[in-house]
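Trainee: Here you go, one structure.
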Amino acid sequence: MRKKLIPLIREIDYHTPEGKADMTRIKATLLSNWKKDLNEYTDAELSTIIAVIKRDWIPHFYKK
């Protein structure tokens with residue numbers, strides 16, 4: 001599930017100037033919004049986070 005989550009978050013500008021995923025920023029965002037580090041989530045929790053990102057974050061990002 002992490003392999004699905006990281007590209008989704010990267011899509012909304014969480015990437016380095018080289019185009020790679022900014023893992024420091026991704027981990028900090030997950031920690032501040034969902035209170036756990038990326039590696040502490042179960043697959044069920046990650047699928048919930050992915051659903052929230054698809055439903056709420058990505059549409060908001062493209063409305064800018």
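Residues in the structure tokens are named by chain (A, B, ... in the order shown) and by number from 1 within that chain; ligands are numbered from 1 in the order shown.
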Find the spatial neighbours of stretch 50-53 of chain A, counting only C-alpha atoms, within a cut-off of 10 Å - ignore same-chain residues fewer than 4 positions away - and output them as number ranges by chain.
Mentor: A: 1-2, 4-6, 8-9, 12, 44-46, 57-60
Trainee: Please provide the set of residues having any atom within 8 Å of A:Asp37, restricted to only C-alpha atoms, with same-chain residues fewer than 5 positions apart removed, written as a list in words.
Mentor: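 Skipping anything fewer than 5 positions along the chain leaves Lys27, Ala28, Leu30 and Leu31 of chain A.
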Trainee: Output N, CA, C and O atoms for every residue in that selection, as an mmCIF file, in the first residue's frame.
Mentor:
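What ended up in selection-v7.cif:
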data_model
loop_
_atom_site.group_PDB
_atom_site.id
_atom_site.type_symbol
_atom_site.label_atom_id
_atom_site.label_comp_id
_atom_site.auth_asym_id
_atom_site.auth_seq_id
_atom_site.Cartn_x
_atom_site.Cartn_y
_atom_site.Cartn_z
ATOM 1 N N LYS A 27 6.489 12.044 5.343
ATOM 2 C CA LYS A 27 6.421 11.475 6.690
ATOM 3 C C LYS A 27 5.939 12.506 7.701
ATOM 4 O O LYS A 27 5.147 12.194 8.588
ATOM 5 N N ALA A 28 6.407 13.739 7.576
ATOM 6 C CA ALA A 28 5.978 14.799 8.501
ATOM 7 C C ALA A 28 4.492 15.085 8.348
ATOM 8 O O ALA A 28 3.789 15.305 9.340
ATOM 9 N N LEU A 30 2.130 12.958 7.261
ATOM 10 C CA LEU A 30 1.385 11.832 7.830
ATOM 11 C C LEU A 30 1.404 11.886 9.344
ATOM 12 O O LEU A 30 0.385 11.643 9.993
ATOM 13 N N LEU A 31 2.548 12.226 9.909
ATOM 14 C CA LEU A 31 2.668 12.305 11.363
ATOM 15 C C LEU A 31 1.771 13.411 11.926
ATOM 16 O O LEU A 31 1.105 13.220 12.934
#
Trainee: So how many Å separate atom CA of A:Arg25 and atom CA of A:Ser47, to one decimal?
Mentor: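 Going from atom CA of A:Arg25 over to atom CA of A:Ser47, I get 19.7 Å.
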Trainee: To one decimal in Å, tell me the separation between atom CA of A:Glu18 and atom CA of A:Asp56.
Mentor: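 Taking atom CA of A:Glu18 and atom CA of A:Asp56, their separation equals 26.6 Å.
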Trainee: Please extract the residues of chain A with a backbone DSSP assignment of helix (DSSP H, G or I) and present them as an MDAnalysis selection string.
Mentor: chainID A and resid 2:11 23:34 38:40 43:62
Trainee: Which of these, A:Thr16, A:Phe61, A:Glu11, A:Met23, has the shortest distance to A:Asn39 once you count only C-alpha atoms?
Mentor: A:Met23
Trainee: Report, in Å with one decimal, the straight-line distance from atom CA of A:Lys3 to atom CA of A:Lys63.
Mentor: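 Between these atoms lies a distance of 25.4 Å.
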Trainee: Find, counting only C-alpha atoms, the residue in A:Tyr14, A:Lys20, A:Ile49, A:Pro7 that gets nearest to A:Trp34.
Mentor: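 Looking only at the distances to A:Trp34, the closest residue turns out to be A:Ile49.
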